[in-house]
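Peer 1: The structure's right below; bear with me while I get my questions together.
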Amino acid sequence: MDMQDRQYIGILATEDDEEEGRDNVFINKGSYVQYRVKSLLLPQESPNFVTGFISSFEDDFEINDDEYSKEEERIENFKNVVKDKLFIYSYKTNESGHANLTSRKTNLVKKPLRFTNEMYYYAIPVFCSKNNETVQEWELDKNWRLFREYKNKEEFIEFIRQKQNVGSTYGYYTEAFVPSFVLWMEEDGSMYAIGHVTDTKQNTQGGLLIESDWLSVINIDEYAEYWVYQPTLNPTLLYMPEEIYTKLEDSLLKLPKAEKSEKTVEATKEEEREEEEQEEKEEKDDKKEGKEEEIGEVPPKEERLLEINASKKTDELIIEAMDYHSQKRNLFYNMKDFVNIHTALKCNSLVILSGLSGTGKSAIVDIYARALGINNSTNPDENRLLFIPVRPSWNDDSDLLGYVDLVHMVYRASDSGFVDLLVRAQKDENKNKLFLVCFDEMNLARVEHYFSQFLSLLERPSSQRELQLYDKQYSGRLYNSAEYPSRIQIGDNVKFIGTVNIDESTYHFSDKVLDRANVIQLDVLDYSKQWEKKKYGSLVNINWTMDDYIAITKSSSEEDMQEVHRLLWEIHSLLHRANSKYGVGPRIVKNIDLYLWNLPKSGVGGFSFSDGIDLQIAQRVLTKVRGPENQLGEILNSRSEHNFHQIFDAYAHLSDFKLCRETVSQKQKELESYGYCI
């Protein structure tokens, strides 16, 4: 299944989701009804909105649209048709970057009885007997073979146990989401959840392989009023609300292993109680008869779910919540990366994530937002995370911020949504809320050009961070100057993250950028043995306020940093020896102090003070060590008279400097190969 064939679920965008100057339903220049659909599919991904046309619907769907009627009547007619419906669709992105519904692949389904506007859905694969007549008719109609080879649920479960191909699906994309369970539909329509699923893969023929550490079965018919499922449209996919999905996930995890019988959660618990009572009775009888216990194989204990203590808002809660959300998305990171990113963001408004393509740089931003309650799927109006894909054509800050249209006397904000988020963040009712902006592929354009104003502003106290949108002479003269003031205050409640790839299509950062940011290289876990699946219990959404965030942030400390300062001064002297433009400035020293003060004291994730020193020198100092061999050759070479390794050895009591040593060695290799390191 290609990504463009993946099926999404969505709803007609509401008035709150409207783009500036355009309704969500309107008549376009070609005299066709055009509309916007808001995605309800989890995990949430860009784009959250797609554009559709009448031609987007399948051929057998008819809407009475009379192009000779008044535009208002046509729009109202369309809204009436879809008001109690949800959209099932696929989309593709055109050359200009706009996401449009795929032609003739959109359908409407009725909203479930228990539908609310706060619901978001997971797409769960559904399987059934190869003899199911409805599915057979669908296969003929779609000309899509499912290759089901089992007659009943028991045979299907055995297929999973034997790691056999269970057939194909339609609209399910394995790389986007791995559910904790799959579904089985009986001939009478009864639905069963089967789990726990750890991974799903497609073989070269498109068949699905399901991996599981154990299998349990529960009947889920009691939740039928919540889910979206229409077998005649697509019998292989059911859309499950997030709240119900989480309940079922926890129920399956708590069931004993190797269950084959069809049980409800309540029935299983009752059986467990009866078994425990019987075991206690037998044990008492054995003791009365004086029987000795037989030594044999000890049965495996039921694995306990990892529970996160959310009663107190601490650094540890954020880091553990990040691990929780990454595990739920089947993503694997080093826990030290969570500590590093969180601590860096507490101390700086700008953090840059670097790493190999596909290491999950963008995903970890979303994970951090979820841990803070910034990206809240249950209440999308409260979402305060903005992803901005950087474009190579950006040359100055007007590409990011917008410009004054003197012809129409309005301020044209950029379509990135950046200015709108900044305006929203400075409102009195939002000043105690956290906002997060991610510049995706940040170095596709020169950061110093489109981000120039911010590089100066981010170093000022929050009370002095005023971003100028346009000259104050136009204040009050522009039609929308009340909505977009000439100056915007950027508070500490707005954090910025950039993701970067380093290749031939990108630009390198200048010292002006590196001085103001932590550049974090994401660790690549050994996926042959370090992809550890953890079983967490449900974690409620925790909304962090700015006051909460400030409460765990230290701005000063009584800790003695003299030894760290001596280390940094020796590095500064070594760099200054190579070239007078190199060095460790006071700003960097203060930022390193702040970072070290704010490290979690509990050692969560195995992160220590010595790890912090190693990372900070690598992220704040060594990123700026760039230049030709005649300048840097001596200080990078471990065999020379004055070099980094000597300093690392002298201060080995502070850290092992593992990352710093690797970075210096890599730069030395670059010098030997190219005569220049970057």
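As shown in the structure tokens, the chain order sets the letters A, B, ...; within each chain, residues go from 1, and ligands are also counted from 1 in the order they appear.
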List every residue of region 489-551 of chain A that DSSP, applied to the backbone, labels as strand (DSSP E), and write the result as a list in words.
Peer 2: Gln489, Val494, Lys495, Phe496, Ile497, Gly498, Thr499, Val500, Asn518, Val519, Ile520 and Gln521 of chain A
Peer 1: Any chance you can output those residues with C-alpha atoms as an mmCIF file, in the first residue's frame?
Peer 2:
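The new file result14.cif reads:
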```cif
data_model
loop_
_atom_site.group_PDB
_atom_site.id
_atom_site.type_symbol
_atom_site.label_atom_id
_atom_site.label_comp_id
_atom_site.auth_asym_id
_atom_site.auth_seq_id
_atom_site.Cartn_x
_atom_site.Cartn_y
_atom_site.Cartn_z
ATOM 1 C CA GLN A 489 5.758 40.821 21.988
ATOM 2 C CA VAL A 494 7.052 30.589 22.854
ATOM 3 C CA LYS A 495 9.759 27.990 22.208
ATOM 4 C CA PHE A 496 11.435 27.392 18.847
ATOM 5 C CA ILE A 497 12.834 24.109 17.507
ATOM 6 C CA GLY A 498 14.528 23.546 14.166
ATOM 7 C CA THR A 499 15.182 20.235 12.440
ATOM 8 C CA VAL A 500 18.072 19.952 10.002
ATOM 9 C CA ASN A 518 21.850 24.047 21.283
ATOM 10 C CA VAL A 519 22.559 21.840 18.251
ATOM 11 C CA ILE A 520 21.525 18.346 19.351
ATOM 12 C CA GLN A 521 22.584 15.300 17.360
#
```
Peer 1: Leaving out region 525-539 of chain A and any residue of its chain fewer than 3 positions from it, which residues lie within 8 Å of it when counting only C-alpha atoms, given as a PyMOL selection string?
Peer 2: chain A and resi 198+246-247+250+253+304-308+321+324+327+330+332-334
Peer 1: Take the residues from that selection and put them in a file with all heavy atoms, as a CSV table (one decimal), in the first residue's frame.
Peer 2:
```csv
chain,number,residue,atom,x,y,z
A,198,THR,N,2.8,-6.1,18.4
A,198,THR,CA,4.0,-5.3,18.6
A,198,THR,C,4.5,-4.6,17.3
A,198,THR,O,5.2,-3.6,17.3
A,198,THR,CB,5.2,-6.1,19.1
A,198,THR,OG1,5.4,-7.2,18.3
A,198,THR,CG2,4.8,-6.6,20.5
A,246,THR,N,-7.7,3.5,23.8
A,246,THR,CA,-6.8,3.4,25.0
A,246,THR,C,-7.4,2.4,26.0
A,246,THR,O,-6.7,1.6,26.6
A,246,THR,CB,-6.7,4.8,25.6
A,246,THR,OG1,-6.1,5.7,24.6
A,246,THR,CG2,-5.7,4.7,26.8
A,247,LYS,N,-8.7,2.4,26.2
A,247,LYS,CA,-9.4,1.5,27.1
A,247,LYS,C,-9.1,0.0,26.7
A,247,LYS,O,-8.8,-0.8,27.5
A,247,LYS,CB,-10.9,1.7,27.1
A,247,LYS,CG,-11.3,3.0,27.9
A,247,LYS,CD,-12.8,3.1,27.9
A,247,LYS,CE,-13.3,4.3,28.7
A,247,LYS,NZ,-14.8,4.5,28.7
A,250,ASP,N,-5.5,-1.1,27.2
A,250,ASP,CA,-5.2,-1.4,28.6
A,250,ASP,C,-5.8,-2.8,29.0
A,250,ASP,O,-5.2,-3.6,29.7
A,250,ASP,CB,-5.7,-0.3,29.5
A,250,ASP,CG,-4.8,0.9,29.5
A,250,ASP,OD1,-3.7,0.8,28.9
A,250,ASP,OD2,-5.1,1.9,30.2
A,253,LEU,N,-3.8,-5.6,27.6
A,253,LEU,CA,-2.5,-5.8,28.3
A,253,LEU,C,-2.6,-6.4,29.6
A,253,LEU,O,-1.7,-7.1,30.1
A,253,LEU,CB,-1.8,-4.4,28.4
A,253,LEU,CG,-1.2,-3.8,27.2
A,253,LEU,CD1,-0.8,-2.4,27.4
A,253,LEU,CD2,0.0,-4.6,26.7
A,304,ARG,N,3.6,-6.5,34.7
A,304,ARG,CA,2.9,-5.3,35.2
A,304,ARG,C,3.0,-4.1,34.2
A,304,ARG,O,4.1,-3.9,33.6
A,304,ARG,CB,3.4,-4.9,36.6
A,304,ARG,CG,3.2,-5.9,37.6
A,304,ARG,CD,3.8,-5.5,38.9
A,304,ARG,NE,3.1,-4.3,39.4
A,304,ARG,CZ,2.0,-4.3,40.2
A,304,ARG,NH1,1.5,-5.4,40.5
A,304,ARG,NH2,1.5,-3.2,40.6
A,305,LEU,N,2.0,-3.3,34.1
A,305,LEU,CA,2.1,-2.2,33.2
A,305,LEU,C,2.9,-1.1,33.9
A,305,LEU,O,2.8,-0.9,35.2
A,305,LEU,CB,0.7,-1.6,32.9
A,305,LEU,CG,-0.3,-2.6,32.1
A,305,LEU,CD1,-1.6,-1.9,31.9
A,305,LEU,CD2,0.3,-2.9,30.8
A,306,LEU,N,3.7,-0.3,33.2
A,306,LEU,CA,4.4,0.8,33.7
A,306,LEU,C,3.5,1.9,34.0
A,306,LEU,O,2.8,2.4,33.0
A,306,LEU,CB,5.5,1.2,32.8
A,306,LEU,CG,6.6,0.2,32.5
A,306,LEU,CD1,7.6,0.7,31.4
A,306,LEU,CD2,7.4,-0.1,33.8
A,307,GLU,N,3.4,2.4,35.2
A,307,GLU,CA,2.5,3.5,35.5
A,307,GLU,C,3.3,4.7,35.8
A,307,GLU,O,4.4,4.7,36.5
A,307,GLU,CB,1.7,3.2,36.8
A,307,GLU,CG,0.8,2.0,36.6
A,307,GLU,CD,-0.4,2.2,35.7
A,307,GLU,OE1,-0.7,3.4,35.3
A,307,GLU,OE2,-1.0,1.2,35.2
A,308,ILE,N,2.9,5.9,35.2
A,308,ILE,CA,3.6,7.2,35.4
A,308,ILE,C,2.9,8.0,36.5
A,308,ILE,O,1.7,8.2,36.4
A,308,ILE,CB,3.7,7.9,34.1
A,308,ILE,CG1,4.5,7.1,33.0
A,308,ILE,CG2,4.3,9.3,34.3
A,308,ILE,CD1,4.5,7.8,31.7
A,321,ALA,N,6.7,11.0,30.2
A,321,ALA,CA,5.6,11.2,29.3
A,321,ALA,C,6.1,11.2,27.8
A,321,ALA,O,5.4,10.7,26.9
A,321,ALA,CB,4.9,12.5,29.5
A,324,TYR,N,6.5,7.6,27.0
A,324,TYR,CA,5.2,7.0,26.9
A,324,TYR,C,4.6,7.3,25.5
A,324,TYR,O,4.2,6.4,24.8
A,324,TYR,CB,4.2,7.6,27.9
A,324,TYR,CG,2.8,7.3,27.7
A,324,TYR,CD1,2.2,6.2,28.2
A,324,TYR,CD2,1.9,8.3,27.0
A,324,TYR,CE1,0.8,5.9,28.0
A,324,TYR,CE2,0.6,8.0,26.8
A,324,TYR,CZ,0.1,6.8,27.3
A,324,TYR,OH,-1.3,6.6,27.1
A,327,GLN,N,6.6,5.4,22.8
A,327,GLN,CA,6.3,4.0,22.8
A,327,GLN,C,4.9,3.7,22.1
A,327,GLN,O,4.7,2.8,21.4
A,327,GLN,CB,6.3,3.4,24.2
A,327,GLN,CG,7.7,3.3,24.8
A,327,GLN,CD,8.5,2.1,24.3
A,327,GLN,OE1,7.9,1.1,24.0
A,327,GLN,NE2,9.8,2.3,24.2
A,330,ASN,N,5.2,3.6,18.6
A,330,ASN,CA,6.2,2.6,18.1
A,330,ASN,C,7.5,3.2,17.6
A,330,ASN,O,8.1,2.8,16.6
A,330,ASN,CB,5.6,1.7,17.0
A,330,ASN,CG,6.2,0.3,17.0
A,330,ASN,OD1,6.5,-0.3,18.1
A,330,ASN,ND2,6.3,-0.3,15.8
A,332,PHE,N,11.4,4.6,18.8
A,332,PHE,CA,12.4,4.3,19.8
A,332,PHE,C,13.5,5.3,19.8
A,332,PHE,O,14.1,5.6,18.8
A,332,PHE,CB,12.9,2.9,19.6
A,332,PHE,CG,11.9,1.8,19.5
A,332,PHE,CD1,11.3,1.4,18.4
A,332,PHE,CD2,11.5,1.2,20.7
A,332,PHE,CE1,10.3,0.5,18.3
A,332,PHE,CE2,10.5,0.2,20.7
A,332,PHE,CZ,9.9,-0.1,19.5
A,333,TYR,N,13.7,5.9,21.0
A,333,TYR,CA,14.7,6.9,21.2
A,333,TYR,C,15.5,6.6,22.4
A,333,TYR,O,15.1,5.9,23.3
A,333,TYR,CB,14.1,8.3,21.4
A,333,TYR,CG,13.3,8.9,20.3
A,333,TYR,CD1,11.9,8.7,20.2
A,333,TYR,CD2,13.9,9.6,19.3
A,333,TYR,CE1,11.2,9.2,19.1
A,333,TYR,CE2,13.2,10.1,18.2
A,333,TYR,CZ,11.9,9.9,18.1
A,333,TYR,OH,11.1,10.4,17.1
A,334,ASN,N,16.7,7.2,22.5
A,334,ASN,CA,17.5,7.1,23.7
A,334,ASN,C,16.9,8.0,24.7
A,334,ASN,O,16.7,9.2,24.4
A,334,ASN,CB,19.0,7.5,23.4
A,334,ASN,CG,19.9,7.2,24.5
A,334,ASN,OD1,19.6,7.3,25.7
A,334,ASN,ND2,21.1,6.8,24.2
```
Peer 1: Between A:Trp227, A:Trp184, A:Tyr173, A:Tyr245, which has the minimum distance to Gly207 (chain A) (counting only C-alpha atoms)?
Peer 2: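 Smallest distance to Gly207 (chain A) is found for A:Tyr173.
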Peer 1: What's around Lys667 (chain A) at 9 Å? Count only C-alpha atoms, leave out sequence neighbours fewer than 5 positions away in its own chain, and write the answer as an MDAnalysis selection string.
Peer 2: chainID A and resid 625:626 636 662 672 676:678
Peer 1: How about saving the chosen residues, all heavy atoms kept, as a tab-separated table (two decimals), in the first residue's frame?
Peer 2:
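For reference, selection_24.tsv as written:
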```tsv
chain	number	residue	atom	x	y	z
A	625	VAL	N	33.71	24.79	15.65
A	625	VAL	CA	35.09	24.50	15.23
A	625	VAL	C	35.06	24.06	13.78
A	625	VAL	O	34.81	22.90	13.44
A	625	VAL	CB	35.71	23.41	16.13
A	625	VAL	CG1	37.12	23.07	15.65
A	625	VAL	CG2	35.74	23.88	17.58
A	626	ARG	N	35.29	25.01	12.88
A	626	ARG	CA	35.26	24.75	11.44
A	626	ARG	C	36.37	25.56	10.78
A	626	ARG	O	36.60	26.72	11.15
A	626	ARG	CB	33.91	25.18	10.85
A	626	ARG	CG	32.72	24.49	11.48
A	626	ARG	CD	31.41	25.05	10.96
A	626	ARG	NE	31.24	26.44	11.32
A	626	ARG	CZ	30.14	27.14	11.07
A	626	ARG	NH1	29.14	26.58	10.42
A	626	ARG	NH2	30.04	28.39	11.43
A	636	LEU	N	43.31	19.56	16.72
A	636	LEU	CA	42.46	18.38	16.54
A	636	LEU	C	43.25	17.08	16.57
A	636	LEU	O	42.69	16.02	16.84
A	636	LEU	CB	41.68	18.47	15.22
A	636	LEU	CG	40.62	19.57	15.12
A	636	LEU	CD1	39.98	19.56	13.74
A	636	LEU	CD2	39.54	19.40	16.18
A	662	GLU	N	34.60	11.78	20.14
A	662	GLU	CA	34.14	11.29	18.84
A	662	GLU	C	34.02	12.44	17.84
A	662	GLU	O	34.37	12.30	16.66
A	662	GLU	CB	32.79	10.61	19.00
A	662	GLU	CG	32.85	9.28	19.74
A	662	GLU	CD	31.48	8.70	19.99
A	662	GLU	OE1	30.47	9.37	19.66
A	662	GLU	OE2	31.40	7.57	20.53
A	672	GLU	N	41.90	15.37	7.24
A	672	GLU	CA	42.79	14.48	6.49
A	672	GLU	C	42.24	14.18	5.10
A	672	GLU	O	43.02	14.02	4.15
A	672	GLU	CB	42.98	13.18	7.27
A	672	GLU	CG	43.73	13.35	8.58
A	672	GLU	CD	43.74	12.07	9.41
A	672	GLU	OE1	43.06	11.11	9.00
A	672	GLU	OE2	44.41	12.05	10.46
A	676	TYR	N	39.72	20.37	5.17
A	676	TYR	CA	38.79	21.34	5.78
A	676	TYR	C	37.75	20.55	6.56
A	676	TYR	O	37.34	19.47	6.16
A	676	TYR	CB	38.10	22.16	4.68
A	676	TYR	CG	37.42	23.42	5.17
A	676	TYR	CD1	38.08	24.64	5.14
A	676	TYR	CD2	36.11	23.39	5.66
A	676	TYR	CE1	37.46	25.80	5.59
A	676	TYR	CE2	35.49	24.54	6.11
A	676	TYR	CZ	36.17	25.74	6.08
A	676	TYR	OH	35.56	26.90	6.53
A	677	CYS	N	37.33	21.09	7.73
A	677	CYS	CA	36.27	20.42	8.49
A	677	CYS	C	35.11	21.38	8.70
A	677	CYS	O	35.30	22.60	8.76
A	677	CYS	CB	36.79	19.91	9.83
A	677	CYS	SG	37.21	21.17	11.04
A	678	ILE	N	33.90	20.80	8.82
A	678	ILE	CA	32.70	21.63	8.94
A	678	ILE	C	31.90	21.23	10.17
A	678	ILE	O	32.09	20.15	10.71
A	678	ILE	CB	31.81	21.51	7.68
A	678	ILE	CG1	31.46	20.04	7.42
A	678	ILE	CG2	32.48	22.13	6.48
A	678	ILE	CD1	30.50	19.84	6.28
```
Peer 1: Nearest to Asn541 (chain A) among A:Ser510, A:Met191, A:Ala650, A:Glu243, with distances taken over only C-alpha atoms: which residue is it?
Peer 2: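 Closest residue, counting only C-alpha atoms: A:Glu243.
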Peer 1: What's the separation between CA of Ala578 (chain A) and CA of Pro628 (chain A), in Å to one decimal place?
Peer 2: 10.6 Å
Peer 1: I need the residues of region 305-441 of chain A that end up classed as alpha helix (DSSP H) by DSSP on the backbone, written out as a count of residues only.
Peer 2: 52
Peer 1: With only C-alpha atoms as the counted atoms, please give the residues lying no more than 10 Å from Tyr239 (chain A), apart from itself and same-chain residues fewer than 2 positions off, as a list in words.
Peer 2: Tyr8, Ile9, Leu40, Leu41, Leu42, Tyr120, Tyr121, Tyr122, Ala123, Ile124, Pro125, Tyr226, Trp227, Val228, Tyr229, Gln230, Leu237, Pro241, Glu242 and Tyr245 of chain A
Peer 1: Excluding region 419-435 of chain A and any residue of its chain fewer than 3 positions from it, enumerate the residues within 7 Å of it, using only C-alpha atoms, and give them as a ChimeraX atom specification.
Peer 2: /A:374,384-385,401,413,488-490,493-495,545-547
